[in-house]
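Only one structure is covered here, and it is reproduced in the block below.
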Amino acid sequence: MSFTSYQSTGAVLKQFQIVYNESNYIVEAEMPVNDYFRVELQMTIGEGVVDNSDVAICENLIYPVLKEVWKLYRDRFILWSHEFLHCDEGLEGVIDYILARRSPLGKIVFDKPYFVGVQVRRDRNFDASWGHCLAAMVGLQKLNQEPDQTVFGLVSNGEIWQFGQLGKDSFTKNSTFYTIQELDRLLTAVNFVFQQCDLQLLQ
């Protein structure tokens, strides 16, 4: 069954018996922002057409932000884009973005994933996209064969960014969402999530 077969958060919660919570668990983790990156992104948003298609949103808004934070962790993680995952017979599909451990066999070898990011398609809403994302998060636990592992998720339409985490059988959605208009705050939120992945890796 494809991740996208789950059309709502509630459908995944019911299927896998996961408890739903909301809280502000993100502690914004400061990070240096490259001036060139800031100017380049502002120029792209101000002068370019950034949201005329799903591909444009991915390329112009979501990936550049994730990549900028990933640079701080690139010696230990690989940021994969539009990678197919087969987790078990009931969970598979293409995930827009995955943060996975850098394999000792080389960067082209997929290794243990900790984070998934899902774009809100133009023909979907946030709840349907969270269904896709949460199903993928369950899939990560199964793929890693660690049902108690905490994995992290992001759902974004480029403008609005929402975060969640799944630990064992409890899903927590961060109450506060972020926007690309407040770039510094958004980067600190993404940095917090990547930090949490890094802490697990170092344990």
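Letters A, B, ... go to the chains of the structure tokens in the order shown; residues in each chain start at 1; ligands are counted from 1 in the same order.
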Set the distance at 8 Å and use only C-alpha atoms: which residues neighbour region 66-83 of chain A once local chain neighbours fewer than 5 positions away are removed? I'd like the list as number ranges by chain. A: 37, 94-102, 107, 187, 190-191, 194, 198
Same residues, C-alpha atoms, saved as an mmCIF file, in the first residue's frame:
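Result file is out.cif:
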data_model
loop_
_atom_site.group_PDB
_atom_site.id
_atom_site.type_symbol
_atom_site.label_atom_id
_atom_site.label_comp_id
_atom_site.auth_asym_id
_atom_site.auth_seq_id
_atom_site.Cartn_x
_atom_site.Cartn_y
_atom_site.Cartn_z
ATOM 1 C CA PHE A 37 21.792 32.160 0.838
ATOM 2 C CA VAL A 94 8.415 7.965 -3.103
ATOM 3 C CA ILE A 95 9.315 10.391 -0.333
ATOM 4 C CA ASP A 96 10.117 13.972 -1.287
ATOM 5 C CA TYR A 97 12.967 14.396 1.212
ATOM 6 C CA ILE A 98 14.762 12.029 3.578
ATOM 7 C CA LEU A 99 17.582 12.682 6.020
ATOM 8 C CA ALA A 100 19.518 9.443 6.395
ATOM 9 C CA ARG A 101 22.775 8.384 7.981
ATOM 10 C CA ARG A 102 25.770 8.644 5.661
ATOM 11 C CA LYS A 107 27.200 8.531 -0.388
ATOM 12 C CA LEU A 187 15.949 27.685 9.833
ATOM 13 C CA VAL A 190 14.755 22.777 10.875
ATOM 14 C CA ASN A 191 18.102 22.904 12.658
ATOM 15 C CA PHE A 194 18.315 17.810 12.362
ATOM 16 C CA ASP A 198 22.196 13.844 15.025
#
Secondary structure check, alpha helix (DSSP H) residues of region 105-195 of chain A, as a short mmCIF file (atom, residue, chain, number, x, y, z; two decimals) with N, CA and C atoms, in the first residue's frame:
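What follows is the written file states.cif:
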data_model
loop_
_atom_site.label_atom_id
_atom_site.label_comp_id
_atom_site.auth_asym_id
_atom_site.auth_seq_id
_atom_site.Cartn_x
_atom_site.Cartn_y
_atom_site.Cartn_z
N PHE A 126 -3.28 20.02 3.81
CA PHE A 126 -2.27 19.65 4.79
C PHE A 126 -2.59 18.33 5.47
N ASP A 127 -3.86 18.08 5.77
CA ASP A 127 -4.20 16.85 6.48
C ASP A 127 -3.90 15.62 5.63
N ALA A 128 -4.23 15.67 4.35
CA ALA A 128 -3.91 14.55 3.46
C ALA A 128 -2.40 14.36 3.37
N SER A 129 -1.66 15.45 3.35
CA SER A 129 -0.20 15.36 3.27
C SER A 129 0.39 14.82 4.56
N TRP A 130 -0.25 15.14 5.70
CA TRP A 130 0.20 14.55 6.96
C TRP A 130 -0.09 13.04 6.99
N GLY A 131 -1.18 12.62 6.34
CA GLY A 131 -1.43 11.19 6.23
C GLY A 131 -0.29 10.50 5.50
N HIS A 132 0.15 11.09 4.41
CA HIS A 132 1.28 10.58 3.63
C HIS A 132 2.55 10.59 4.49
N CYS A 133 2.82 11.69 5.16
CA CYS A 133 4.04 11.85 5.95
C CYS A 133 4.07 10.89 7.14
N LEU A 134 2.97 10.82 7.87
CA LEU A 134 2.93 9.95 9.05
C LEU A 134 3.06 8.49 8.67
N ALA A 135 2.44 8.10 7.56
CA ALA A 135 2.61 6.72 7.08
C ALA A 135 4.07 6.44 6.76
N ALA A 136 4.76 7.43 6.18
CA ALA A 136 6.19 7.26 5.89
C ALA A 136 7.01 7.19 7.18
N MET A 137 6.60 7.94 8.20
CA MET A 137 7.31 7.90 9.48
C MET A 137 7.17 6.52 10.13
N VAL A 138 5.97 5.94 10.06
CA VAL A 138 5.78 4.57 10.54
C VAL A 138 6.68 3.63 9.73
N GLY A 139 6.75 3.90 8.43
CA GLY A 139 7.60 3.09 7.56
C GLY A 139 9.06 3.15 7.96
N LEU A 140 9.54 4.32 8.38
CA LEU A 140 10.93 4.43 8.82
C LEU A 140 11.20 3.54 10.02
N GLN A 141 10.28 3.54 10.98
CA GLN A 141 10.46 2.68 12.15
C GLN A 141 10.54 1.21 11.75
N LYS A 142 9.70 0.82 10.80
CA LYS A 142 9.70 -0.57 10.34
C LYS A 142 10.97 -0.88 9.57
N LEU A 143 11.37 0.04 8.69
CA LEU A 143 12.57 -0.17 7.89
C LEU A 143 13.81 -0.29 8.78
N ASN A 144 13.86 0.53 9.81
CA ASN A 144 14.99 0.51 10.74
C ASN A 144 14.90 -0.62 11.75
N LEU A 183 12.36 33.66 7.82
CA LEU A 183 13.38 32.68 7.44
C LEU A 183 14.26 32.26 8.61
N ASP A 184 14.68 33.21 9.44
CA ASP A 184 15.57 32.87 10.55
C ASP A 184 14.92 31.88 11.50
N ARG A 185 13.66 32.11 11.85
CA ARG A 185 12.95 31.19 12.75
C ARG A 185 12.76 29.84 12.10
N LEU A 186 12.44 29.83 10.82
CA LEU A 186 12.26 28.57 10.11
C LEU A 186 13.55 27.75 10.12
N LEU A 187 14.66 28.39 9.85
CA LEU A 187 15.95 27.68 9.83
C LEU A 187 16.28 27.11 11.21
N THR A 188 15.96 27.85 12.27
CA THR A 188 16.26 27.34 13.61
C THR A 188 15.39 26.13 13.94
N ALA A 189 14.16 26.10 13.41
CA ALA A 189 13.28 24.95 13.64
C ALA A 189 13.81 23.72 12.90
N VAL A 190 14.19 23.89 11.64
CA VAL A 190 14.76 22.78 10.87
C VAL A 190 16.05 22.31 11.54
N ASN A 191 16.84 23.25 12.00
CA ASN A 191 18.10 22.90 12.66
C ASN A 191 17.85 22.08 13.92
N PHE A 192 16.82 22.43 14.68
CA PHE A 192 16.48 21.63 15.88
C PHE A 192 16.18 20.19 15.49
N VAL A 193 15.38 20.01 14.45
CA VAL A 193 15.01 18.66 14.03
C VAL A 193 16.24 17.88 13.60
N PHE A 194 17.10 18.50 12.81
CA PHE A 194 18.32 17.81 12.36
C PHE A 194 19.24 17.53 13.54
N GLN A 195 19.26 18.42 14.51
CA GLN A 195 20.04 18.19 15.74
C GLN A 195 19.57 16.95 16.46
#
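When only C-alpha atoms are used to measure the gap to Ile160 (chain A), the shortest distance among A:Val109, A:Cys87, A:Cys197, A:Ile57 belongs to A:Ile57.
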Please return as a ChimeraX atom specification: the residues of chain A that backbone DSSP assigns to strand (DSSP E or B). /A:2,19-23,77-88,91-101,113-119,150-156,160-167,170-174,178-179
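Of the residues listed (A:Ile18, A:Leu91, A:Val116, A:Val55), A:Val55 shows the shortest atom-to-atom separation from Gly158 (chain A); distances use only C-alpha atoms.
Among the candidate residues A:Glu182, A:Gly90, A:Lys168, A:Gln162, the one lying nearest to Gln15 (chain A) is A:Gly90, with distances computed using only C-alpha atoms.
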Env of Trp161 (chain A): 8 Å cut, atoms = only C-alpha atoms, seq-sep filter 3 positions within chain, self excluded. Answer as a ChimeraX atom specification. /A:154-158,177-180,186
Those residues you just picked out, can you put them in a file as an mmCIF file, in the first residue's frame with N, CA, C and O atoms?
data_model
loop_
_atom_site.group_PDB
_atom_site.id
_atom_site.type_symbol
_atom_site.label_atom_id
_atom_site.label_comp_id
_atom_site.auth_asym_id
_atom_site.auth_seq_id
_atom_site.Cartn_x
_atom_site.Cartn_y
_atom_site.Cartn_z
ATOM 1 N N LEU A 154 8.096 16.468 8.345
ATOM 2 C CA LEU A 154 7.800 17.842 7.923
ATOM 3 C C LEU A 154 6.782 17.784 6.805
ATOM 4 O O LEU A 154 6.884 16.948 5.904
ATOM 5 N N VAL A 155 5.811 18.692 6.865
ATOM 6 C CA VAL A 155 4.870 18.876 5.764
ATOM 7 C C VAL A 155 4.871 20.368 5.421
ATOM 8 O O VAL A 155 4.721 21.211 6.305
ATOM 9 N N SER A 156 5.054 20.671 4.129
ATOM 10 C CA SER A 156 5.161 22.083 3.738
ATOM 11 C C SER A 156 4.613 22.300 2.336
ATOM 12 O O SER A 156 4.760 21.449 1.456
ATOM 13 N N ASN A 157 4.007 23.465 2.149
ATOM 14 C CA ASN A 157 3.620 23.892 0.805
ATOM 15 C C ASN A 157 4.577 24.960 0.279
ATOM 16 O O ASN A 157 4.277 25.652 -0.695
ATOM 17 N N GLY A 158 5.720 25.080 0.941
ATOM 18 C CA GLY A 158 6.703 26.090 0.572
ATOM 19 C C GLY A 158 6.568 27.342 1.411
ATOM 20 O O GLY A 158 7.562 27.890 1.890
ATOM 21 N N PHE A 177 3.391 26.577 13.782
ATOM 22 C CA PHE A 177 3.949 26.336 12.453
ATOM 23 C C PHE A 177 4.820 27.521 12.065
ATOM 24 O O PHE A 177 4.775 28.586 12.678
ATOM 25 N N TYR A 178 5.617 27.308 11.038
ATOM 26 C CA TYR A 178 6.598 28.314 10.622
ATOM 27 C C TYR A 178 6.328 28.715 9.180
ATOM 28 O O TYR A 178 5.671 27.987 8.437
ATOM 29 N N THR A 179 6.846 29.879 8.800
ATOM 30 C CA THR A 179 6.678 30.337 7.422
ATOM 31 C C THR A 179 8.019 30.764 6.845
ATOM 32 O O THR A 179 8.933 31.156 7.579
ATOM 33 N N ILE A 180 8.105 30.695 5.539
ATOM 34 C CA ILE A 180 9.348 31.056 4.875
ATOM 35 C C ILE A 180 9.585 32.557 4.938
ATOM 36 O O ILE A 180 10.709 33.034 4.729
ATOM 37 N N LEU A 186 12.444 29.833 10.820
ATOM 38 C CA LEU A 186 12.263 28.571 10.105
ATOM 39 C C LEU A 186 13.550 27.753 10.120
ATOM 40 O O LEU A 186 13.538 26.550 10.395
#
Contacts of Thr150 (chain A) within 7 Å, only C-alpha atoms, excl. fewer than 5 positions in-chain, as a PDB file with N, CA, C and O atoms, in the first residue's frame:
ATOM      1  N   GLN A 165       6.675  14.640  15.241  1.00  0.00           N
ATOM      2  CA  GLN A 165       7.590  13.554  15.598  1.00  0.00           C
ATOM      3  C   GLN A 165       6.788  12.347  16.065  1.00  0.00           C
ATOM      4  O   GLN A 165       5.728  12.478  16.687  1.00  0.00           O
ATOM      5  N   LEU A 166       7.304  11.173  15.726  1.00  0.00           N
ATOM      6  CA  LEU A 166       6.663   9.917  16.091  1.00  0.00           C
ATOM      7  C   LEU A 166       7.624   9.132  16.961  1.00  0.00           C
ATOM      8  O   LEU A 166       8.718   8.774  16.535  1.00  0.00           O
ATOM      9  N   GLY A 167       7.215   8.874  18.200  1.00  0.00           N
ATOM     10  CA  GLY A 167       7.999   8.067  19.111  1.00  0.00           C
ATOM     11  C   GLY A 167       7.184   6.883  19.568  1.00  0.00           C
ATOM     12  O   GLY A 167       6.131   7.054  20.198  1.00  0.00           O
ATOM     13  N   LYS A 168       7.628   5.690  19.210  1.00  0.00           N
ATOM     14  CA  LYS A 168       6.901   4.459  19.518  1.00  0.00           C
ATOM     15  C   LYS A 168       5.499   4.546  18.926  1.00  0.00           C
ATOM     16  O   LYS A 168       5.337   4.598  17.723  1.00  0.00           O
TER      17      LYS A 168
END
Separating CA of Pro32 (chain A) from CA of Gln119 (chain A), to the nearest tenth of an Å, is a gap of 25.4 Å
Hey, can you check how far CA of Asn174 (chain A) sits from CA of Val27 (chain A)?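 Between CA of Asn174 (chain A) and CA of Val27 (chain A) the gap works out to 10.5 Å.
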Using Å and a single decimal, report how far CA of Asn60 (chain A) sits from CA of Leu199 (chain A).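 If I compute the distance from CA of Leu199 (chain A) to CA of Asn60 (chain A), I get 29.2 Å.
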